[in-house]
Amino acid sequence: MELGIWIVWLVRAAWIAAILLMVIGSIPSSKLRLYHELMLSFAGRGKILQPSSSQKWTVPQKYFAHFYVVGVVWTTLLFAMTWMYAFKMAPLTGGSHVEHWFKVLRAVFLLLLMEIHVLRRLIESFYVFKYSPCARMSILGYFTGLFFYAAAPLSLCIDIASEMLGWCQLIGGAFFLWGWLHQRRCHAILGSLRKIPSQAKEYIIPHGDWFESLRLSLVLYMGLLIASGGIDVTIWLLFGFVVGNLTMAAGETHRWYLRKFENYPANRSAIFPYVY
C-alpha cells in the first residue's frame, strides 16, 4: 500500500477512535465510573480541573499557545504545498483534470480559513488572554490539543496530501519543524538576556538548548532539502550557500566570544559539533 493511502487511513482511524472514546464516555453507567474520570481528565483545565488531580500530571494552562504555534506552522506548510500543487495541476484539457483541480483549490480555500483561525487564536493567546499563574490543565488534554491542531489541517486536505506527501516530505517536514521549534526557544533565550535594563548594552554568553551545539538554520534548510527529494540542483545550491554563509559567520562569532570572555565554554563548537 502506498504511503499516501496509509496517511489517509491513519488520520481517519485516529478520528474514529477519538469519537468512539467520547461516545463510550457519554454512556451513563456506574460500571464506567473510572473511565468517565479518565475522560474528564482530557477536558480538565483551569476551574474545571478535578481537585484531586496531581500537579505532576498537569502543565500550565498558558501552554494553550503551543496548540496554535503547531497549528500555524503546520497549516502554513500544508497551505504552501497545496498552493504550489494547485498551480502544477492547473487544468489544460479534459473534464477529469478540471474536477481534480477544483478539488485542490477547495483544499487551498479550507486551509486558508484554518490559517486565519489559528493565527487569530495564537495572537489571542499572547495578547488577549491573561492566564492565572496557578491555572493548570491535564497533560492528557495537552497532548490531545497538540494532536488536534496537527490532524485538523491535514484532514482538510487529506485527499490532496496523499498525492503530495512521500517519505522524503514527511522526514524533511519533521526536520524543519524540529529546527523551527529549537530556533524559537533559542530566540526566547536571546531575548531574555536583554530584559534587564542594566544589561541592555552588554554582551552575555547565551546558554541552553542548541547554543551548546549546532546552528539552527542548518536544520531548517536541511529539512527543506530533504522534503524536496534532493533532485533539484537549485535547492542544493541554496543549501550550499546557507552552509557556507553560516559557517563563516559562526566561525567569526565563535572566535569573538573566545577573545572577549575568559569563561566561554571551551568545548562549545562554532557550528558543527565535534568538528568545527
# chains A, B, ... in the order shown; residues from 1 in each chain; ligands from 1

$ residues_around --residues "Thr58 in chain A" --least-positions-apart "6" --cutoff "6 Å" --atoms "only C-alpha atoms" --output "ChimeraX atom specification"
/A:137-139

$ write_last_selection --atoms "N, CA, C and O atoms" --output "mmCIF file, in the first residue's frame"
data_model
loop_
_atom_site.group_PDB
_atom_site.id
_atom_site.type_symbol
_atom_site.label_atom_id
_atom_site.label_comp_id
_atom_site.auth_asym_id
_atom_site.auth_seq_id
_atom_site.Cartn_x
_atom_site.Cartn_y
_atom_site.Cartn_z
ATOM 1 N N MET A 137 -3.675 22.587 33.404
ATOM 2 C CA MET A 137 -4.511 21.687 32.600
ATOM 3 C C MET A 137 -3.876 20.310 32.572
ATOM 4 O O MET A 137 -2.657 20.171 32.751
ATOM 5 N N SER A 138 -4.689 19.312 32.342
ATOM 6 C CA SER A 138 -4.228 17.930 32.335
ATOM 7 C C SER A 138 -3.220 17.701 31.222
ATOM 8 O O SER A 138 -3.349 18.244 30.118
ATOM 9 N N ILE A 139 -2.217 16.875 31.516
ATOM 10 C CA ILE A 139 -1.229 16.535 30.493
ATOM 11 C C ILE A 139 -1.884 15.757 29.360
ATOM 12 O O ILE A 139 -1.492 15.880 28.189
#

$ residues_around --residues "Tyr149 in chain A" --least-positions-apart "4" --cutoff "8 Å" --atoms "only C-alpha atoms" --output "short mmCIF file (atom, residue, chain, number, x, y, z; two decimals) with C-alpha atoms, in the first residue's frame"
data_model
loop_
_atom_site.label_atom_id
_atom_site.label_comp_id
_atom_site.auth_asym_id
_atom_site.auth_seq_id
_atom_site.Cartn_x
_atom_site.Cartn_y
_atom_site.Cartn_z
CA PHE A 67 -1.51 24.35 20.18
CA TYR A 68 -1.70 27.41 17.99
CA VAL A 70 1.76 23.96 15.98
CA GLY A 71 -1.42 24.88 14.11
CA GLY A 145 -4.74 19.57 21.84
CA PRO A 153 -5.27 20.93 8.99
#

$ residues_around --residues "Ala151 in chain A" --least-positions-apart "2" --cutoff "10 Å" --atoms "only C-alpha atoms" --output "PyMOL selection string"
chain A and resi 11-12+14-15+71+74-75+145-149+153-156+158

$ select_by_dssp --residues "range 25-190 of chain A" --states "helix (DSSP H, G or I)" --output "VMD selection string"
chain A and resid 25 30 to 43 46 to 48 55 to 57 61 to 88 95 to 127 139 to 156 158 to 164 167 to 190

$ residues_around --residues "Ala80 in chain A" --least-positions-apart "5" --cutoff "12 Å" --atoms "only C-alpha atoms" --output "ChimeraX atom specification"
/A:72-75,85-87,107-109,111-112,115,157,161,164

$ residues_around --residues "Arg120 in chain A" --least-positions-apart "6" --cutoff "12 Å" --atoms "only C-alpha atoms" --output "number ranges by chain"
A: 65, 68-69, 71-72, 113-114, 126-128

$ write_last_selection --atoms "C-alpha atoms" --output "PDB file, in the first residue's frame"
ATOM      1  CA  ALA A  65      -0.325  28.772  22.999  1.00  0.00           C
ATOM      2  CA  TYR A  68      -1.701  27.413  17.988  1.00  0.00           C
ATOM      3  CA  VAL A  69       2.030  27.529  17.292  1.00  0.00           C
ATOM      4  CA  GLY A  71      -1.424  24.883  14.115  1.00  0.00           C
ATOM      5  CA  VAL A  72       0.103  27.939  12.424  1.00  0.00           C
ATOM      6  CA  LEU A 113      -9.761  29.537   6.541  1.00  0.00           C
ATOM      7  CA  MET A 114      -7.908  27.345   9.054  1.00  0.00           C
ATOM      8  CA  PHE A 126      -0.289  36.017  23.684  1.00  0.00           C
ATOM      9  CA  TYR A 127      -2.045  39.395  23.813  1.00  0.00           C
ATOM     10  CA  VAL A 128      -5.661  38.850  24.905  1.00  0.00           C
TER      11      VAL A 128
END

$ atom_distance --atom1 "CA of Leu119 in chain A" --atom2 "CA of Ala150 in chain A"
14.4 Å

$ closest_residue --among "A:Leu181, A:Ile204, A:Ala17, A:Ile171" --to "Ala227 in chain A" --atoms "only C-alpha atoms"
A:Ile171

$ residues_around --residues "Ile24 in chain A" --least-positions-apart "5" --cutoff "10 Å" --atoms "only C-alpha atoms" --output "JSON list (two decimals) with N, CA and C atoms, in the first residue's frame"
[["chain", "number", "residue", "atom", "x", "y", "z"],
["A", 19, "ILE", "N", -13.61, 9.68, 18.51],
["A", 19, "ILE", "CA", -15.07, 9.83, 18.62],
["A", 19, "ILE", "C", -15.69, 8.69, 19.42],
["A", 29, "SER", "N", -23.35, 4.97, 33.03],
["A", 29, "SER", "CA", -23.28, 3.68, 33.70],
["A", 29, "SER", "C", -22.26, 3.74, 34.83],
["A", 32, "LEU", "N", -18.77, 2.32, 34.43],
["A", 32, "LEU", "CA", -17.78, 3.07, 33.65],
["A", 32, "LEU", "C", -17.25, 4.28, 34.43],
["A", 35, "TYR", "N", -13.64, 5.09, 33.90],
["A", 35, "TYR", "CA", -13.46, 5.54, 32.53],
["A", 35, "TYR", "C", -13.95, 6.98, 32.39],
["A", 36, "HIS", "N", -15.09, 7.30, 33.04],
["A", 36, "HIS", "CA", -15.61, 8.67, 32.99],
["A", 36, "HIS", "C", -14.61, 9.65, 33.58],
["A", 39, "MET", "N", -11.84, 10.24, 31.11],
["A", 39, "MET", "CA", -12.26, 11.10, 30.01],
["A", 39, "MET", "C", -12.37, 12.55, 30.46]]
